[in-house]
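To start, the structure itself, in structure tokens.
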2 protein chains.
Amino acid sequence: MTAPELTAAVTATYDIWMRTVDLTGPALAAHNLTQATFQALWVIDPDEPPPSMKVMAERLHCNAPNLTFMANQLVDRGLVERSVDPADRRSRVLVLTPKGRQVRAEVVEAALAGTPLAALSPSELRQLVALLNRALSPA
Amino acid sequence: MTAPELTAAVTATYDIWMRTVDLTGPALAAHNLTQATFQALWVIDPDEPPPSMKVMAERLHCNAPNLTFMANQLVDRGLVERSVDPADRRSRVLVLTPKGRQVRAEVVEAALAGTPLAALSPSELRQLVALLNRALSPA
DNA sequence: GCACGATACTTCGAGTCTCGAAACATCAGT
DNA sequence: ACTGATGTTTCGAGACTCGAAGTATCGTGC
């Protein structure tokens with residue numbers, strides 16, 4: 001059979017994530033966002049070039065039609081705008097509006113405040129991030 | 001603003017979880033299970049007393065009607081059986097059938113084999129579990 | 001013992017999310 | 001220009017979620 005440590009690690013990861021989501025719920029509702037639209041907003045970093053649909057789909061682990069759906073939600077709420085990528089006119093990038101930047105900052109803040117991981121010290125967090133990144137990109 | 005380590009930790013946790021889910025997908029499809037029913041099956045430990053609906057709802061972070069829905073899916077697939085708790089006849093517990101035990105073992109195995117966390121060594125996993133559990137129950 | 005509110009679960013119905021298949025627009029190579 | 005490949009959207013059906021109302025059982029106070 002498989003190592004019990006691995007089972008425990010997966011279970012704990014799941015639990016951390018679910019609790020983070022749960023505790024962020026009220027803050028999302030205040031901005032008329034759902035879990036899905038929040039995730040979509042989260043992965044649009046205002047300090048980086050606006051991501052295309054394809055990039056968004058990879059980051060969110062969802063397929064193209066679903067992403068179109070979520071992008072529409074964000075556009076409807078006035079948080080992002082669709083824009084044609086001049087380098088490839090097939091591609092549409094999502095640009096945060098000023099309101100989008102502000103709302104994103106607020107809900108991200110709420111998520112970080114609520115997550116159980118906030119209980120860890122900075123050095124513990126560094127350890128954790130190091131371990132998780134090692135798992136994500138096995139050297 | 002908030003510590004960037006915390007942001008990175010939450011992001012990494014999310015990513016680990018989503019990848020685990022993604023990679024388990026094919027194994028689930030083979031058993032005609034969805035993500036939601038897989039989670040439900042996961043939290044029924046065959047070595048512990050069968051959980052009530054209420055306990056299941058807490059473990060899965062979902063509400064009662066939703067749980068009834070998922071329980072029905074598992075019952076329809078012949079993986080669990082509803083049984084009345086003799087100690088409290090209001091309560092229904094979910095008991096794994098022999099087929100349920102077998103299918104659960106298979107899909108759990110698939111999830112553990114696919115998760116990025118499988119790339120970590122036993123001692124790294126212990127570290128990780130220690131950190132996550134500290135976050136979950138800040139003593 | 002029997003009302004009473006509380007608890008565990010289900011049913012119902014409406015809404016949200018997901019996703020395969022097909023359509024559309026644009027690109028890149030020839 | 002033609003052709004196949006790529007990025008996105010549309011369409012439609014299905015899966016999932018959840019509030020409100022309903023049923024069954026429990027536990028307490030009288």
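FYI, nothing fancy with the structure tokens labels: chains A, B, ... in order, residues from 1 per chain, ligands from 1 as they appear.
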
Using only C-alpha atoms, tabulate the residues of chain A lying at most 10 Å from any atom of chain B, each with its closest atom pair and that distance in Å to one decimal, by chain and increasing residue number, as a Markdown table.
| residue | atom | partner | partner_atom | distance |
| --- | --- | --- | --- | --- |
| A:Met1 | CA | B:Glu109 | CA | 8.2 |
| A:Thr2 | CA | B:Glu109 | CA | 7.4 |
| A:Ala3 | CA | B:Pro122 | CA | 7.9 |
| A:Pro4 | CA | B:Pro122 | CA | 9.5 |
| A:Glu5 | CA | B:Leu125 | CA | 6.1 |
| A:Leu6 | CA | B:Leu125 | CA | 6.6 |
| A:Thr7 | CA | B:Leu112 | CA | 6.9 |
| A:Ala8 | CA | B:Val129 | CA | 6.7 |
| A:Ala9 | CA | B:Val129 | CA | 5.2 |
| A:Val10 | CA | B:Leu117 | CA | 7.4 |
| A:Thr11 | CA | B:Val43 | CA | 9.2 |
| A:Ala12 | CA | B:Leu132 | CA | 6.2 |
| A:Thr13 | CA | B:Thr13 | CA | 6.4 |
| A:Tyr14 | CA | B:Trp17 | CA | 6.4 |
| A:Asp15 | CA | B:Leu136 | CA | 8.2 |
| A:Ile16 | CA | B:Leu136 | CA | 6.9 |
| A:Trp17 | CA | B:Tyr14 | CA | 6.4 |
| A:Met18 | CA | B:His61 | CA | 7.0 |
| A:Arg19 | CA | B:His61 | CA | 8.0 |
| A:Thr20 | CA | B:Val10 | CA | 8.5 |
| A:Val21 | CA | B:His61 | CA | 9.6 |
| A:Asp22 | CA | B:His61 | CA | 7.7 |
| A:Gln39 | CA | B:Tyr14 | CA | 9.9 |
| A:Trp42 | CA | B:Thr11 | CA | 9.4 |
| A:Val43 | CA | B:Thr11 | CA | 9.2 |
| A:Arg59 | CA | B:Asp15 | CA | 8.4 |
| A:Leu60 | CA | B:Met18 | CA | 8.3 |
| A:His61 | CA | B:Met18 | CA | 6.9 |
| A:Cys62 | CA | B:Asp22 | CA | 9.5 |
| A:Ala105 | CA | B:Met1 | CA | 9.7 |
| A:Val108 | CA | B:Thr7 | CA | 8.7 |
| A:Glu109 | CA | B:Thr2 | CA | 7.4 |
| A:Ala111 | CA | B:Val10 | CA | 8.9 |
| A:Leu112 | CA | B:Thr7 | CA | 6.9 |
| A:Ala113 | CA | B:Thr2 | CA | 8.5 |
| A:Thr115 | CA | B:Val10 | CA | 7.9 |
| A:Pro116 | CA | B:Ala135 | CA | 5.3 |
| A:Leu117 | CA | B:Ala135 | CA | 5.3 |
| A:Ala118 | CA | B:Leu6 | CA | 6.8 |
| A:Ala119 | CA | B:Ala135 | CA | 5.6 |
| A:Leu120 | CA | B:Ala135 | CA | 6.1 |
| A:Ser121 | CA | B:Leu6 | CA | 9.4 |
| A:Pro122 | CA | B:Glu5 | CA | 6.9 |
| A:Ser123 | CA | B:Glu5 | CA | 8.9 |
| A:Glu124 | CA | B:Leu131 | CA | 7.2 |
| A:Leu125 | CA | B:Glu5 | CA | 6.1 |
| A:Arg126 | CA | B:Glu5 | CA | 6.3 |
| A:Gln127 | CA | B:Leu128 | CA | 8.5 |
| A:Leu128 | CA | B:Leu128 | CA | 6.6 |
| A:Val129 | CA | B:Ala9 | CA | 5.2 |
| A:Ala130 | CA | B:Ala9 | CA | 9.0 |
| A:Leu131 | CA | B:Leu128 | CA | 6.9 |
| A:Leu132 | CA | B:Ala12 | CA | 6.2 |
| A:Asn133 | CA | B:Ala12 | CA | 6.9 |
| A:Arg134 | CA | B:Leu120 | CA | 7.6 |
| A:Ala135 | CA | B:Pro116 | CA | 5.2 |
| A:Leu136 | CA | B:Pro116 | CA | 5.8 |
| A:Ser137 | CA | B:Pro116 | CA | 8.4 |
| A:Pro138 | CA | B:Ala119 | CA | 6.7 |
| A:Ala139 | CA | B:Ala119 | CA | 9.8 |

Residues of chain B within 8 Å of chain D, counting only C-alpha atoms (C1' of nucleotides) - could you list those as a PDB file with N, CA and C atoms, in the first residue's frame?
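Contents of selection-v8.pdb, freshly written:
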ATOM      1  N   ASN B  63     -23.420  21.443   2.263  1.00  0.00           N
ATOM      2  CA  ASN B  63     -24.636  21.481   3.059  1.00  0.00           C
ATOM      3  C   ASN B  63     -25.454  20.197   2.913  1.00  0.00           C
ATOM      4  N   PRO B  65     -28.592  19.259   1.809  1.00  0.00           N
ATOM      5  CA  PRO B  65     -29.229  18.802   0.569  1.00  0.00           C
ATOM      6  C   PRO B  65     -28.207  18.281  -0.438  1.00  0.00           C
ATOM      7  N   ASN B  66     -27.101  18.961  -0.517  1.00  0.00           N
ATOM      8  CA  ASN B  66     -26.062  18.547  -1.445  1.00  0.00           C
ATOM      9  C   ASN B  66     -25.549  17.163  -1.080  1.00  0.00           C
ATOM     10  N   ASP B  88     -29.610   6.660  17.176  1.00  0.00           N
ATOM     11  CA  ASP B  88     -30.429   7.840  16.912  1.00  0.00           C
ATOM     12  C   ASP B  88     -31.114   7.631  15.580  1.00  0.00           C
ATOM     13  N   ARG B  89     -32.379   7.270  15.632  1.00  0.00           N
ATOM     14  CA  ARG B  89     -33.061   6.842  14.421  1.00  0.00           C
ATOM     15  C   ARG B  89     -33.301   7.989  13.435  1.00  0.00           C
ATOM     16  N   ARG B  90     -32.986   9.230  13.833  1.00  0.00           N
ATOM     17  CA  ARG B  90     -33.046  10.317  12.856  1.00  0.00           C
ATOM     18  C   ARG B  90     -31.868  10.251  11.894  1.00  0.00           C
TER      19      ARG B  90
END

Using only C-alpha atoms (C1' of nucleotides), tabulate the residues of chain C lying at most 8 Å from any atom of chain A, each with its closest atom pair and that distance in Å to one decimal, by chain and increasing residue number, as JSON lines.
{"residue": "C:DT18", "atom": "C1'", "partner": "A:Asn66", "partner_atom": "CA", "distance": 6.5}
{"residue": "C:DC19", "atom": "C1'", "partner": "A:Pro65", "partner_atom": "CA", "distance": 7.1}
{"residue": "C:DA25", "atom": "C1'", "partner": "A:Arg90", "partner_atom": "CA", "distance": 6.5}
{"residue": "C:DT26", "atom": "C1'", "partner": "A:Arg90", "partner_atom": "CA", "distance": 5.0}
{"residue": "C:DC27", "atom": "C1'", "partner": "A:Asp88", "partner_atom": "CA", "distance": 7.6}

Using N, CA, C and O atoms (P, O5', C5', C4', C3', O3' and C1' of nucleotides), can you export the residues from the last selection as an mmCIF file, in the first residue's frame?
data_model
loop_
_atom_site.group_PDB
_atom_site.id
_atom_site.type_symbol
_atom_site.label_atom_id
_atom_site.label_comp_id
_atom_site.auth_asym_id
_atom_site.auth_seq_id
_atom_site.Cartn_x
_atom_site.Cartn_y
_atom_site.Cartn_z
ATOM 1 P P DT C 18 -16.977 25.680 -12.613
ATOM 2 O "O5'" DT C 18 -17.399 24.561 -13.662
ATOM 3 C "C5'" DT C 18 -17.720 23.269 -13.197
ATOM 4 C "C4'" DT C 18 -18.005 22.358 -14.370
ATOM 5 C "C3'" DT C 18 -16.904 22.342 -15.432
ATOM 6 O "O3'" DT C 18 -16.422 21.017 -15.509
ATOM 7 C "C1'" DT C 18 -19.072 22.546 -16.407
ATOM 8 P P DC C 19 -15.075 20.667 -16.329
ATOM 9 O "O5'" DC C 19 -15.644 20.249 -17.758
ATOM 10 C "C5'" DC C 19 -16.670 19.273 -17.836
ATOM 11 C "C4'" DC C 19 -17.197 19.201 -19.249
ATOM 12 C "C3'" DC C 19 -16.121 19.414 -20.330
ATOM 13 O "O3'" DC C 19 -16.309 18.451 -21.331
ATOM 14 C "C1'" DC C 19 -17.945 20.791 -20.733
ATOM 15 P P DA C 25 -16.461 34.912 -38.566
ATOM 16 O "O5'" DA C 25 -15.003 35.051 -37.947
ATOM 17 C "C5'" DA C 25 -14.856 35.577 -36.641
ATOM 18 C "C4'" DA C 25 -13.385 35.619 -36.286
ATOM 19 C "C3'" DA C 25 -12.498 36.248 -37.368
ATOM 20 O "O3'" DA C 25 -11.637 37.175 -36.747
ATOM 21 C "C1'" DA C 25 -11.700 34.089 -36.798
ATOM 22 P P DT C 26 -10.727 38.147 -37.654
ATOM 23 O "O5'" DT C 26 -9.301 37.450 -37.534
ATOM 24 C "C5'" DT C 26 -8.723 37.279 -36.247
ATOM 25 C "C4'" DT C 26 -7.595 36.275 -36.337
ATOM 26 C "C3'" DT C 26 -6.461 36.679 -37.279
ATOM 27 O "O3'" DT C 26 -5.332 36.968 -36.473
ATOM 28 C "C1'" DT C 26 -6.976 34.367 -37.372
ATOM 29 P P DC C 27 -3.992 37.539 -37.136
ATOM 30 O "O5'" DC C 27 -3.090 36.221 -37.264
ATOM 31 C "C5'" DC C 27 -2.634 35.587 -36.082
ATOM 32 C "C4'" DC C 27 -2.091 34.215 -36.421
ATOM 33 C "C3'" DC C 27 -0.827 34.233 -37.296
ATOM 34 O "O3'" DC C 27 0.242 33.666 -36.578
ATOM 35 C "C1'" DC C 27 -2.425 32.613 -38.038
#

Item to check | Atom-to-atom span, atom CA of Arg92 of chain B and atom CA of Ala29 of chain B, Å | outcome: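 These atoms are spaced 27.8 Å apart.
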
Next on the checklist: Can you tell me, as an MDAnalysis selection string, which residues in segment 7-129 of chain A count as strand (DSSP E) by DSSP?
Outcome noted: chainID A and resid 80:84 92:96

Next on the checklist: Let's see if you can do this: from backbone DSSP, list all helix (DSSP H, G or I) residues in chain B, as number ranges by chain.
Outcome noted: B: 4-30, 35-42, 53-60, 64-76, 98-114, 116-119, 122-136

Checklist entry - So what do you get for atom CA of Val95 of chain A versus atom CA of His31 of chain A, distance-wise? => result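 Computed distance, atom CA of Val95 of chain A to atom CA of His31 of chain A, equals 18.6 Å.
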